[in-house]
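S.K.: Input file: model-v5.cif. Contents: mmCIF, C-alpha atoms.
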data_final
#
loop_
_atom_site.group_PDB
_atom_site.id
_atom_site.type_symbol
_atom_site.label_atom_id
_atom_site.label_comp_id
_atom_site.auth_asym_id
_atom_site.auth_seq_id
_atom_site.Cartn_x
_atom_site.Cartn_y
_atom_site.Cartn_z
ATOM 1 C CA SER A 15 -34.190 54.808 -11.788
ATOM 2 C CA VAL A 16 -33.939 56.834 -15.017
ATOM 3 C CA PHE A 17 -32.729 53.794 -16.945
ATOM 4 C CA VAL A 18 -34.990 51.261 -15.205
ATOM 5 C CA GLY A 19 -38.085 53.484 -15.376
ATOM 6 C CA PRO A 20 -39.095 52.982 -19.050
ATOM 7 C CA ALA A 21 -38.615 49.213 -18.817
ATOM 8 C CA LEU A 22 -40.596 49.122 -15.563
ATOM 9 C CA VAL A 23 -43.473 51.096 -17.111
ATOM 10 C CA CYS A 24 -43.553 48.788 -20.158
ATOM 11 C CA PHE A 25 -43.467 45.703 -17.935
ATOM 12 C CA ALA A 26 -46.305 47.084 -15.791
ATOM 13 C CA LEU A 27 -48.498 47.938 -18.789
ATOM 14 C CA ILE A 28 -47.841 44.769 -20.795
ATOM 15 C CA VAL A 29 -47.436 42.103 -18.089
ATOM 16 C CA ALA A 30 -48.346 43.151 -14.548
ATOM 17 C CA VAL A 31 -51.591 45.085 -15.143
ATOM 18 C CA PRO A 32 -53.129 42.533 -17.575
ATOM 19 C CA PHE A 33 -52.204 39.733 -15.188
ATOM 20 C CA LEU A 34 -53.864 41.435 -12.209
ATOM 21 C CA LEU A 35 -56.942 42.291 -14.302
ATOM 22 C CA SER A 36 -57.246 38.684 -15.477
ATOM 23 C CA VAL A 37 -57.127 37.516 -11.853
ATOM 24 C CA TYR A 38 -59.874 40.013 -10.957
ATOM 25 C CA TYR A 39 -62.077 39.075 -13.948
ATOM 26 C CA SER A 40 -61.792 35.377 -13.070
ATOM 27 C CA PHE A 41 -63.940 36.112 -9.997
ATOM 28 C CA THR A 42 -66.603 37.914 -12.041
ATOM 29 C CA GLU A 43 -69.327 37.222 -14.616
ATOM 30 C CA TRP A 44 -68.652 39.469 -17.603
ATOM 31 C CA ASN A 45 -69.012 39.050 -21.357
ATOM 32 C CA GLY A 46 -66.124 41.426 -22.129
ATOM 33 C CA ILE A 47 -68.347 44.061 -23.724
ATOM 34 C CA SER A 48 -71.107 45.266 -21.406
ATOM 35 C CA ALA A 49 -70.526 47.834 -18.664
ATOM 36 C CA GLY A 50 -72.026 45.638 -15.971
ATOM 37 C CA ILE A 51 -69.585 43.326 -14.190
ATOM 38 C CA GLU A 52 -71.054 40.943 -11.620
ATOM 39 C CA TRP A 53 -68.884 39.599 -8.782
ATOM 40 C CA VAL A 54 -69.443 35.828 -8.468
ATOM 41 C CA GLY A 55 -66.527 34.811 -6.252
ATOM 42 C CA LEU A 56 -65.386 31.233 -6.770
ATOM 43 C CA ASP A 57 -68.355 30.173 -8.929
ATOM 44 C CA ASN A 58 -66.278 30.102 -12.131
ATOM 45 C CA PHE A 59 -63.714 27.797 -10.524
ATOM 46 C CA ARG A 60 -66.418 25.546 -9.067
ATOM 47 C CA GLN A 61 -67.967 25.311 -12.518
ATOM 48 C CA ILE A 62 -64.820 24.116 -14.316
ATOM 49 C CA VAL A 63 -63.675 21.796 -11.496
ATOM 50 C CA LEU A 64 -67.011 20.211 -10.538
ATOM 51 C CA HIS A 65 -69.116 20.392 -13.700
ATOM 52 C CA ASP A 66 -66.806 20.714 -16.720
ATOM 53 C CA SER A 67 -65.560 17.199 -17.470
ATOM 54 C CA ASP A 68 -63.805 18.380 -20.659
ATOM 55 C CA PHE A 69 -61.633 20.747 -18.641
ATOM 56 C CA ARG A 70 -60.744 18.024 -16.136
ATOM 57 C CA HIS A 71 -59.709 15.694 -18.961
ATOM 58 C CA ALA A 72 -57.686 18.489 -20.574
ATOM 59 C CA PHE A 73 -55.999 19.289 -17.266
ATOM 60 C CA TRP A 74 -55.078 15.635 -16.671
ATOM 61 C CA PHE A 75 -53.718 15.354 -20.229
ATOM 62 C CA THR A 76 -51.665 18.531 -19.718
ATOM 63 C CA ILE A 77 -50.181 17.183 -16.477
ATOM 64 C CA ARG A 78 -49.176 13.887 -18.110
ATOM 65 C CA PHE A 79 -47.837 15.654 -21.183
ATOM 66 C CA SER A 80 -45.859 18.132 -19.051
ATOM 67 C CA VAL A 81 -44.156 15.381 -17.029
ATOM 68 C CA ALA A 82 -43.189 13.381 -20.118
ATOM 69 C CA SER A 83 -42.135 16.431 -22.129
ATOM 70 C CA VAL A 84 -40.082 18.062 -19.360
ATOM 71 C CA VAL A 85 -38.174 14.877 -18.511
ATOM 72 C CA LEU A 86 -37.490 13.763 -22.091
ATOM 73 C CA THR A 87 -36.669 17.214 -23.507
ATOM 74 C CA ASN A 88 -34.156 17.915 -20.734
ATOM 75 C CA ALA A 89 -32.644 14.434 -20.990
ATOM 76 C CA LEU A 90 -32.213 14.678 -24.767
ATOM 77 C CA GLY A 91 -30.969 18.275 -24.634
ATOM 78 C CA PHE A 92 -28.372 17.379 -22.003
ATOM 79 C CA ALA A 93 -27.285 14.256 -23.907
ATOM 80 C CA LEU A 94 -26.830 16.275 -27.106
ATOM 81 C CA ALA A 95 -24.855 18.908 -25.201
ATOM 82 C CA LEU A 96 -22.544 16.239 -23.757
ATOM 83 C CA LEU A 97 -22.028 14.757 -27.205
ATOM 84 C CA LEU A 98 -21.419 18.072 -28.968
ATOM 85 C CA THR A 99 -18.917 19.389 -26.422
ATOM 86 C CA GLN A 100 -16.591 16.548 -27.437
ATOM 87 C CA ALA A 101 -13.847 17.031 -30.016
ATOM 88 C CA LEU A 102 -15.975 16.242 -33.075
ATOM 89 C CA LYS A 103 -15.111 17.781 -36.417
ATOM 90 C CA THR A 104 -18.791 18.154 -37.328
ATOM 91 C CA ARG A 105 -19.989 19.447 -33.959
ATOM 92 C CA MET A 106 -20.828 22.963 -35.245
ATOM 93 C CA VAL A 107 -22.879 21.558 -38.129
ATOM 94 C CA LEU A 108 -24.648 19.153 -35.782
ATOM 95 C CA ARG A 109 -25.416 21.943 -33.297
ATOM 96 C CA THR A 110 -27.059 23.922 -36.087
ATOM 97 C CA ALA A 111 -29.012 20.890 -37.285
ATOM 98 C CA PHE A 112 -30.350 20.056 -33.828
ATOM 99 C CA PHE A 113 -31.272 23.687 -33.110
ATOM 100 C CA LEU A 114 -33.146 24.221 -36.404
ATOM 101 C CA PRO A 115 -36.460 22.599 -35.316
ATOM 102 C CA ASN A 116 -36.801 25.307 -32.651
ATOM 103 C CA VAL A 117 -36.750 27.965 -35.372
ATOM 104 C CA ILE A 118 -39.721 26.440 -37.202
ATOM 105 C CA GLY A 119 -43.106 27.673 -36.000
ATOM 106 C CA GLY A 120 -45.238 25.256 -34.003
ATOM 107 C CA LEU A 121 -48.124 25.179 -36.483
ATOM 108 C CA LEU A 122 -45.885 24.473 -39.458
ATOM 109 C CA LEU A 123 -43.961 21.893 -37.445
ATOM 110 C CA GLY A 124 -47.191 20.184 -36.464
ATOM 111 C CA PHE A 125 -48.414 19.945 -40.057
ATOM 112 C CA ILE A 126 -45.034 18.568 -41.176
ATOM 113 C CA TRP A 127 -45.132 15.856 -38.501
ATOM 114 C CA GLN A 128 -48.795 15.131 -39.220
ATOM 115 C CA PHE A 129 -47.733 14.273 -42.780
ATOM 116 C CA ILE A 130 -44.869 12.140 -41.404
ATOM 117 C CA PHE A 131 -47.101 10.224 -38.974
ATOM 118 C CA VAL A 132 -49.973 9.679 -41.410
ATOM 119 C CA LYS A 133 -48.246 9.250 -44.780
ATOM 120 C CA VAL A 134 -44.523 8.563 -44.318
ATOM 121 C CA PHE A 135 -44.838 6.128 -41.402
ATOM 122 C CA ALA A 136 -47.691 4.268 -43.145
ATOM 123 C CA THR A 137 -45.588 3.880 -46.301
ATOM 124 C CA LEU A 138 -42.564 2.703 -44.326
ATOM 125 C CA GLY A 139 -44.752 0.235 -42.451
ATOM 126 C CA GLU A 140 -46.103 -1.236 -45.693
ATOM 127 C CA HIS A 141 -42.643 -1.715 -47.171
ATOM 128 C CA THR A 142 -40.765 -2.863 -44.057
ATOM 129 C CA GLY A 143 -43.441 -4.578 -41.981
ATOM 130 C CA ILE A 144 -42.060 -2.935 -38.828
ATOM 131 C CA GLY A 145 -44.838 -2.580 -36.241
ATOM 132 C CA PHE A 146 -43.603 0.784 -34.988
ATOM 133 C CA PHE A 147 -44.441 2.413 -38.317
ATOM 134 C CA GLN A 148 -47.820 0.653 -38.593
ATOM 135 C CA LEU A 149 -49.228 2.111 -35.374
ATOM 136 C CA PRO A 150 -52.231 4.477 -35.715
ATOM 137 C CA TRP A 151 -50.100 7.353 -34.494
ATOM 138 C CA LEU A 152 -52.703 10.130 -34.530
ATOM 139 C CA GLY A 153 -55.795 7.932 -34.604
ATOM 140 C CA ASP A 154 -55.546 6.310 -31.172
ATOM 141 C CA ALA A 155 -55.388 8.057 -27.776
ATOM 142 C CA PRO A 156 -52.149 6.467 -26.383
ATOM 143 C CA THR A 157 -50.164 6.814 -29.612
ATOM 144 C CA ALA A 158 -51.524 10.321 -30.255
ATOM 145 C CA PHE A 159 -50.289 11.337 -26.801
ATOM 146 C CA TRP A 160 -46.801 10.041 -27.515
ATOM 147 C CA GLY A 161 -46.892 11.555 -30.993
ATOM 148 C CA ILE A 162 -47.346 15.023 -29.496
ATOM 149 C CA VAL A 163 -44.613 14.295 -26.936
ATOM 150 C CA ILE A 164 -42.191 13.194 -29.673
ATOM 151 C CA VAL A 165 -42.729 16.356 -31.713
ATOM 152 C CA SER A 166 -42.491 18.571 -28.617
ATOM 153 C CA VAL A 167 -39.213 16.959 -27.538
ATOM 154 C CA TRP A 168 -37.828 17.151 -31.073
ATOM 155 C CA GLN A 169 -38.648 20.865 -31.209
ATOM 156 C CA GLY A 170 -37.366 21.896 -27.778
ATOM 157 C CA ALA A 171 -34.291 19.715 -27.217
ATOM 158 C CA GLY A 172 -32.066 21.819 -29.491
ATOM 159 C CA TYR A 173 -32.821 25.007 -27.558
ATOM 160 C CA LEU A 174 -31.958 23.341 -24.248
ATOM 161 C CA MET A 175 -28.855 21.887 -25.873
ATOM 162 C CA VAL A 176 -27.517 25.413 -26.452
ATOM 163 C CA ILE A 177 -28.067 26.330 -22.781
ATOM 164 C CA TYR A 178 -26.435 23.119 -21.560
ATOM 165 C CA ILE A 179 -23.479 23.561 -23.931
ATOM 166 C CA ALA A 180 -22.860 27.048 -22.506
ATOM 167 C CA ALA A 181 -23.017 25.648 -18.974
ATOM 168 C CA LEU A 182 -20.700 22.728 -19.777
ATOM 169 C CA ASN A 183 -18.157 25.034 -21.402
ATOM 170 C CA ASN A 184 -18.065 27.091 -18.188
ATOM 171 C CA VAL A 185 -17.165 24.111 -15.985
ATOM 172 C CA PRO A 186 -13.585 24.796 -14.765
ATOM 173 C CA LYS A 187 -11.164 22.500 -16.563
ATOM 174 C CA GLU A 188 -8.888 22.271 -13.531
ATOM 175 C CA LEU A 189 -11.654 20.633 -11.501
ATOM 176 C CA THR A 190 -12.337 17.950 -14.095
ATOM 177 C CA GLU A 191 -8.610 17.324 -14.554
ATOM 178 C CA ALA A 192 -8.113 17.033 -10.791
ATOM 179 C CA ALA A 193 -11.000 14.542 -10.591
ATOM 180 C CA ARG A 194 -9.483 12.454 -13.398
ATOM 181 C CA ILE A 195 -6.103 12.445 -11.631
ATOM 182 C CA ASP A 196 -7.849 11.224 -8.465
ATOM 183 C CA GLY A 197 -9.223 8.286 -10.447
ATOM 184 C CA ALA A 198 -12.773 9.417 -11.176
ATOM 185 C CA GLY A 199 -14.400 7.635 -14.101
ATOM 186 C CA ARG A 200 -16.711 9.272 -16.630
ATOM 187 C CA LEU A 201 -19.902 8.526 -14.718
ATOM 188 C CA THR A 202 -18.412 9.655 -11.397
ATOM 189 C CA LEU A 203 -17.082 12.811 -13.044
ATOM 190 C CA LEU A 204 -20.485 13.519 -14.548
ATOM 191 C CA ARG A 205 -22.431 12.822 -11.345
ATOM 192 C CA SER A 206 -20.125 14.425 -8.782
ATOM 193 C CA VAL A 207 -18.484 17.307 -10.677
ATOM 194 C CA THR A 208 -20.261 18.290 -13.888
ATOM 195 C CA VAL A 209 -23.941 18.056 -12.896
ATOM 196 C CA PRO A 210 -23.588 19.973 -9.574
ATOM 197 C CA LEU A 211 -21.735 22.788 -11.358
ATOM 198 C CA ILE A 212 -24.383 23.200 -14.079
ATOM 199 C CA MET A 213 -27.412 23.117 -11.757
ATOM 200 C CA PRO A 214 -28.277 26.797 -12.487
ATOM 201 C CA ALA A 215 -28.671 25.854 -16.168
ATOM 202 C CA VAL A 216 -30.718 22.791 -15.190
ATOM 203 C CA THR A 217 -33.050 25.025 -13.174
ATOM 204 C CA VAL A 218 -33.505 27.418 -16.095
ATOM 205 C CA CYS A 219 -34.210 24.560 -18.511
ATOM 206 C CA LEU A 220 -36.705 22.935 -16.128
ATOM 207 C CA PHE A 221 -38.722 26.129 -15.759
ATOM 208 C CA LEU A 222 -38.574 26.777 -19.514
ATOM 209 C CA THR A 223 -39.870 23.316 -20.387
ATOM 210 C CA ILE A 224 -42.592 23.433 -17.717
ATOM 211 C CA SER A 225 -43.760 26.767 -19.145
ATOM 212 C CA TRP A 226 -43.690 25.421 -22.724
ATOM 213 C CA ALA A 227 -45.632 22.303 -21.747
ATOM 214 C CA PHE A 228 -48.445 24.108 -19.947
ATOM 215 C CA LYS A 229 -48.779 26.658 -22.762
ATOM 216 C CA MET A 230 -48.695 24.061 -25.556
ATOM 217 C CA PHE A 231 -51.340 25.016 -28.114
ATOM 218 C CA ASP A 232 -50.030 25.189 -31.687
ATOM 219 C CA LEU A 233 -48.709 21.612 -31.814
ATOM 220 C CA ASN A 234 -51.955 20.406 -30.289
ATOM 221 C CA VAL A 235 -54.042 22.184 -32.935
ATOM 222 C CA SER A 236 -51.973 21.185 -35.944
ATOM 223 C CA LEU A 237 -51.328 17.542 -34.971
ATOM 224 C CA THR A 238 -54.554 16.220 -33.433
ATOM 225 C CA LYS A 239 -56.968 19.151 -32.853
ATOM 226 C CA GLY A 240 -57.484 17.572 -29.431
ATOM 227 C CA GLY A 241 -58.631 14.252 -30.868
ATOM 228 C CA PRO A 242 -59.413 11.488 -31.023
ATOM 229 C CA PHE A 243 -62.534 12.242 -28.908
ATOM 230 C CA ASN A 244 -60.792 15.073 -26.973
ATOM 231 C CA SER A 245 -58.257 12.597 -25.555
ATOM 232 C CA THR A 246 -55.311 14.889 -26.425
ATOM 233 C CA GLU A 247 -56.900 18.277 -25.722
ATOM 234 C CA SER A 248 -54.583 20.518 -23.692
ATOM 235 C CA VAL A 249 -55.739 23.176 -21.225
ATOM 236 C CA ALA A 250 -54.742 25.952 -23.647
ATOM 237 C CA LEU A 251 -56.778 24.383 -26.451
ATOM 238 C CA ASN A 252 -59.726 23.777 -24.110
ATOM 239 C CA ILE A 253 -59.720 27.429 -23.073
#
How does the structure come out when it is put into structure tokens?

M.R.:
Amino acid sequence: SVFVGPALVCFALIVAVPFLLSVYYSFTEWNGISAGIEWVGLDNFRQIVLHDSDFRHAFWFTIRFSVASVVLTNALGFALALLLTQALKTRMVLRTAFFLPNVIGGLLLGFIWQFIFVKVFATLGEHTGIGFFQLPWLGDAPTAFWGIVIVSVWQGAGYLMVIYIAALNNVPKELTEAARIDGAGRLTLLRSVTVPLIMPAVTVCLFLTISWAFKMFDLNVSLTKGGPFNSTESVALNI
């Protein structure tokens, strides 16, 4: 208890108490300054659900973004981990390269990709005539949605790759060798041996990406500012 005590006090003061207070204040009418706090029950929730169309649109966008981001980020992170656990001479350099986007701050990353979508893609489209580069990436609701998803996946996949690499390296070699001796192919080995043994890492990565998706704010601000016409406004930006 002596060792756990300081950490427990810090956790209570920084996480638990603010969380409980925020739950309490959500049932009240208070401007954050005055001494008077009026209990209103579920009125705040009725207001945003029944009368605030902007919040409903933001919530629906966040749900769609979360599904796409979670699936694609985990798929790409796992694919990179599988590739970079092979006997490649450049695997350490590639691991560093794929992890680097996670080090860059979300705002800076968003402004970099805004330049890429608006300027670089337009230039490439003019010179190559390829339709993919000529799309109005941040100027149309469907393409703006996928633009944010692309940047989010590009930023987060490297972090998940590191977790998946650690999990793959901990898969017992004798099990994979025994499966190969029994005639298991690569897909069978992956499906029946590797994936079941790394499920704890999969669970961690799923919860991480779900948390990132629902809290997404900086990319949203720097890429689209919620536009066009609030079609890409996340819940965090709406709040």

S.K.: With distances taken over all atoms listed in the file, which residue among A:Trp168, A:Phe33, A:Phe41, A:Phe147 lies nearest Ala111 (chain A)?

M.R.: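 Using all atoms listed in the file, the shortest distance to Ala111 (chain A) belongs to A:Trp168.
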
S.K.: List the neighbours of Phe112 (chain A) out to 12 Å using all atoms listed in the file; skip same-chain residues closer than 2 positions along the sequence, and give me the result as a PyMOL selection string.

M.R.: chain A and resi 90-91+93-95+97-98+105-110+114-118+167-176

S.K.: Here is a test: counting all atoms listed in the file, which residue of A:Ile224, A:Met230, A:Leu189, A:Val209 is nearest to Val249 (chain A)?

M.R.: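 Among A:Ile224, A:Met230, A:Leu189, A:Val209, it is A:Met230 that comes nearest to Val249 (chain A).
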
S.K.: Set the distance at 8 Å and use all atoms listed in the file: which residues neighbour region 214-218 of chain A once local chain neighbours fewer than 6 positions away are removed? I'd like the list as a ChimeraX atom specification.

M.R.: /A:177-178,181

S.K.: Contacts between region 128-135 of chain A and region 150-233 of chain A, please, where a residue of region 150-233 of chain A counts if it comes within 10 Å (with only C-alpha atoms); show its shortest atom pair and distance in Å to one decimal, rows by chain and ascending number, as JSON lines.

M.R.:
{"residue": "A:Pro150", "atom": "CA", "partner": "A:Val132", "partner_atom": "CA", "distance": 8.0}
{"residue": "A:Trp151", "atom": "CA", "partner": "A:Phe131", "partner_atom": "CA", "distance": 6.1}
{"residue": "A:Leu152", "atom": "CA", "partner": "A:Phe131", "partner_atom": "CA", "distance": 7.2}
{"residue": "A:Gly153", "atom": "CA", "partner": "A:Val132", "partner_atom": "CA", "distance": 9.1}
{"residue": "A:Ala158", "atom": "CA", "partner": "A:Phe131", "partner_atom": "CA", "distance": 9.8}
{"residue": "A:Gly161", "atom": "CA", "partner": "A:Phe131", "partner_atom": "CA", "distance": 8.1}
{"residue": "A:Ile162", "atom": "CA", "partner": "A:Gln128", "partner_atom": "CA", "distance": 9.8}
{"residue": "A:Val165", "atom": "CA", "partner": "A:Gln128", "partner_atom": "CA", "distance": 9.7}
{"residue": "A:Leu233", "atom": "CA", "partner": "A:Gln128", "partner_atom": "CA", "distance": 9.8}

S.K.: Go ahead and dump the residues you just picked, C-alpha atoms, as a PDB file, keeping the file's coordinate frame.

M.R.:
ATOM      1  CA  PRO A 150     -52.231   4.477 -35.715  1.00  0.00           C
ATOM      2  CA  TRP A 151     -50.100   7.353 -34.494  1.00  0.00           C
ATOM      3  CA  LEU A 152     -52.703  10.130 -34.530  1.00  0.00           C
ATOM      4  CA  GLY A 153     -55.795   7.932 -34.604  1.00  0.00           C
ATOM      5  CA  ALA A 158     -51.524  10.321 -30.255  1.00  0.00           C
ATOM      6  CA  GLY A 161     -46.892  11.555 -30.993  1.00  0.00           C
ATOM      7  CA  ILE A 162     -47.346  15.023 -29.496  1.00  0.00           C
ATOM      8  CA  VAL A 165     -42.729  16.356 -31.713  1.00  0.00           C
ATOM      9  CA  LEU A 233     -48.709  21.612 -31.814  1.00  0.00           C
TER      10      LEU A 233
END

S.K.: Could you tell me which residues the PyMOL selection byres ((chain A and resi 38) around 12) grabs in this file, written as a list in words?

M.R.: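 This file, filtered by the PyMOL selection byres ((chain A and resi 38) around 12), leaves Val31, Pro32, Phe33, Leu34, Leu35, Ser36, Val37, Tyr39, Ser40, Phe41, Thr42, Glu43, Trp44, Ile51, Glu52, Trp53, Val54, Gly55, Leu56 and Asn58 of chain A.
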
S.K.: Interatomic distance between CA of Ser48 (chain A) and CA of Gln61 (chain A)?

M.R.: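 Calculated distance between CA of Ser48 (chain A) and CA of Gln61 (chain A) is 22.1 Å.
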
S.K.: Output, as AutoDock Vina command-line options, the centre and edge lengths in Å (one decimal) of the axis-aligned box that contains all listed atoms of region 139-148 of chain A with 3 Å of margin on each side.

M.R.:
--center_x -44.3 --center_y -1.1 --center_z -41.1 --size_x 13.1 --size_y 13.0 --size_z 18.2

S.K.: Step by step, work through what the PyMOL selection byres ((chain A and resi 66-74) around 6) selects in the shown file, and finish by giving those residues as a count of residues only.

M.R.: 8

S.K.: Which residue gives the smallest distance to Leu182 (chain A) among A:Gly139, A:Pro156, A:Pro210, A:Gly124, with all atoms listed in the file counted?

M.R.: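 Between A:Gly139, A:Pro156, A:Pro210, A:Gly124, the residue approaching Leu182 (chain A) most closely is A:Pro210.
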
S.K.: Just the number, please: distance in Å from CA of Glu188 (chain A) to CA of Thr99 (chain A), one decimal.

M.R.: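 Separation between CA of Glu188 (chain A) and CA of Thr99 (chain A): 16.6 Å.
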
S.K.: Please identify all polymer residues within 7 Å of Ala155 (chain A), counting all atoms listed in the file, omitting same-chain residues fewer than 4 positions from it, and present them as an MDAnalysis selection string.

M.R.: chainID A and resid 159 242 245:246

S.K.: So the first atom is CA of Arg200 (chain A) and the second is CA of Leu220 (chain A); what is the distance between them in Å, to one decimal place?

M.R.: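 It comes out at 24.2 Å.
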
S.K.: Go through A:Phe113, A:Leu211, A:Leu86, A:Glu140 one by one, measure the shortest atom-to-atom distance of each to Thr223 (chain A) using only C-alpha atoms, and give the residue with the smallest value.

M.R.: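 Looking only at the distances to Thr223 (chain A), the closest residue turns out to be A:Leu86.
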
S.K.: Given the choices A:Asn45, A:Asn244, A:Thr157, A:Thr87, which gets closest to Phe221 (chain A) if the distance is worked out from all atoms listed in the file?

M.R.: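 Comparing A:Asn45, A:Asn244, A:Thr157, A:Thr87 against Phe221 (chain A), the winner is A:Thr87.
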